[in-house]
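Accompanying notes for the structure given below.
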Amino acid sequence: MTRRSLLPIAGAGVALLAALPALLPAGLLNAAIQMLIAALFACAYSLLSGRAGMLSFGHAAYFGVGAFATVHAMNALGGSGLLPTPLLPLVGALAGLAFGVVAGWFATQRSGTTFAMITLAIAELLHALAPQLKGWFGGESGISSMRMPAWGLSFGSTEQVYYLTLVWVLLGLAVLYAHAATPLGRLTLGLRENPQRLRFLGYDSHGLAVSAFALSAMLSGIAGALQTLSNEAVNYVVFDAGVSASVVLNSYIGGVGTFLGPALGAALMTFFSYAVSDATQSWLLYQGILFVLVMMVLPTGLTGLGSTTARLVERHGAMAVLPLVVLAIGATLLLAAGTVFVVEAAQRLFSQDYRALARMAPALPPISMFGRAWAPTAALTWLVPAALLAAGAALAWLARLRHAALVARSSPAAAEPIARAASSSAAP
């Protein structure tokens, strides 16, 4: 697709986002705010990891610095005067940029695993110091503030906070898009592909790395500022390693090498946590399973899956690809159902409450799942997930064969290894 052909799609997406407050209840609108913030944070991270090829394990540092700088500005300036509430994310941007320049100058002296460990150490250093510096970070209780009226808006409603977040997220994405189109943005790709050649051509590769690091930190600071404006409070937990891990997970699930792939992954995983965390205690396990499967089966992320499907449709037509899509969806649903059954059953069987009941009962009591009771010793209890997993595996094998057949039409030589692997897996 050309940039001109993408404009209508982008316009439709922005229009849909602008219409969400009229379509969603207040609870889901709060979730949409968190999805937007996570999307901006993931896209900022993708600039460093995806475009520049520098894997950071401590991006929560710049998110947290922007969040705390914003809450201090809210308390000091009151969200009025020269810096009203809608402009407070500028404080997060400046704080993230300043800290990113300093941290980036040191971290980018090294590359690869050493760089990743330095970024992790910076975030963990802040996480360890924050509880001790109560004047800056508020200790365990954190720091709270209030959004003040400005520009004729009260910012007391979720809808107004949503639109404020949406405007800043779109501005951040516009900055990333403009950066990618500049010579500096194109040189950033050279850092990922061949930094030695950049130095050979006379470019300052270290300066390029620092600029990419600083811009990523600045946009992460804006995301942290929006988080503070949404919650009206911030705690040193924003420096936790889990925050850094979540942005890595979100970016790679969506597709770290694409522009909007990280935003898609972040939005989906944020919604997933909202939807599933109330239904099960094992939602983090599901998140981890999903991440492992995406890395093993779809290393280019969900956007890579979409682009691969689009190429197959372009080459062979929608009707030829439709059976493959149906088989893949069916396999995914069946495998997911079987996995959920096993995980939920194991979670209940090994829970402390169930063990206490089992000690008092003469036989293992049944477990309640999906609206009915299941006896742990009954064969049906375990035949159901086994049948689901077996059927899902069979559909996945058929989808693999169908994909090999489609590839064979356009490139017979490329399809031979796939077909050989599929046939050997079917052999006894």
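To be explicit about the labels: the chains of the structure tokens are called A, B, and onward in the order shown, and within each one the residues are counted from 1, while ligands get numbers from 1 in the order they are shown.
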
In region 18-235 of chain A, DSSP helix (DSSP H, G or I) residues written as an NGL selection string: :A and (18-23 or 26-51 or 60-77 or 85-87 or 89-107 or 112-129 or 134-137 or 139-141 or 158-181 or 183-193 or 195-200 or 205-231)

DSSP on the backbone: what in region 92-309 of chain A comes out strand (DSSP E or B), as a PDB file with C-alpha atoms, in the first residue's frame?
ATOM      1  CA  ILE A 143       1.944  11.252  45.099  1.00  0.00           C
ATOM      2  CA  SER A 144      -1.561  12.335  44.186  1.00  0.00           C
ATOM      3  CA  ALA A 150      -8.671  24.860  31.785  1.00  0.00           C
ATOM      4  CA  LEU A 153     -13.192  22.299  30.295  1.00  0.00           C
ATOM      5  CA  ALA A 233      -1.828   9.730  41.230  1.00  0.00           C
ATOM      6  CA  VAL A 234       1.434   7.914  40.651  1.00  0.00           C
TER       7      VAL A 234
END

Near region 210-215 of chain A, within 12 Å and counting only C-alpha atoms, which residues show up once chain neighbours fewer than 6 positions away are dropped, as a PyMOL selection string? chain A and resi 41+43-56+58-59+62+93-110+115+119+172-173+175-176+179-180+184-192+204+221-222

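Residue nearest Met117 (chain A) within the list A:Pro89, A:Met148, A:Phe57, A:Pro376: A:Phe57 [criterion: smallest interatomic distance, only C-alpha atoms].
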
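When only C-alpha atoms are used to measure the gap to Glu232 (chain A), the shortest distance among A:Ala346, A:Leu388, A:Ala373, A:Val161 belongs to A:Val161.
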
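What separates CA of Thr303 (chain A) from CA of Gly261 (chain A) is a distance of 5.6 Å.
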
Leaving out Asn250 (chain A) and any residue of its chain fewer than 6 positions from it, which residues lie within 8 Å of it when counting only C-alpha atoms, given as a list in words? Ala42, Pro262, Ala263, Gly265, Ala266 and Met269 of chain A

Just write the chosen residues, C-alpha atoms, as a compact mmCIF listing (two decimals), in the first residue's frame.
# COMPACT_ATOMS: atom_id res chain seq x y z
CA ALA A 42 4.66 0.53 22.80
CA PRO A 262 3.10 -2.32 18.62
CA ALA A 263 0.00 -0.14 19.08
CA GLY A 265 -0.44 -5.46 20.33
CA ALA A 266 -0.62 -3.03 23.26
CA MET A 269 -3.15 -7.08 25.46

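The nearest approach to Ala19 (chain A) among the residues A:Ala336, A:Ala32, A:Leu293, A:Met319, with only C-alpha atoms taken into account, belongs to A:Ala32.
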
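Minimum atom-to-atom distance to Leu290 (chain A), evaluated using only C-alpha atoms, belongs to A:Tyr252 out of A:Phe259, A:Tyr274, A:Tyr252, A:Tyr354.
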
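Omitting Ala396 (chain A) and its sequence neighbours fewer than 4 positions away, and counting only C-alpha atoms, the residues within 9 Å are Leu327, Ala328, Gly330, Ala331, Thr332, Ala391, Gly392, Arg400 and Leu401 of chain A.
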
With only C-alpha atoms as the counted atoms, please give the residues lying no more than 12 Å from Leu285 (chain A), apart from itself and same-chain residues fewer than 4 positions off, as a VMD selection string. chain A and resid 273 276 to 277 280 to 281 289 to 292 339 to 340 343 to 344 347

Do you know which residues are at most 9 Å from Leu126 (chain A) counting only C-alpha atoms, after dropping those on the same chain fewer than 2 positions away, and could you put them as a list in words? Ala61, Ala121, Ile122, Ala123, Glu124, Ala128, Leu129, Ala130, Tyr236, Phe239 and Asp240 of chain A

Using CA of Pro86 (chain A) and CA of Ala245 (chain A) as the two end points, give the distance in Å to one decimal. 29.3 Å

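Between CA of Leu284 (chain A) and CA of Ser244 (chain A) the separation is 15.1 Å.
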
Closest of A:Ile253, A:Ala241, A:Ala279, A:Leu88 to Phe370 (chain A), counting only C-alpha atoms, is A:Ala279

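Using only C-alpha atoms, the smallest distance between any of A:Met218, A:Ile329, A:Ala408, A:Ala73 and Arg315 (chain A) comes from A:Ala408.
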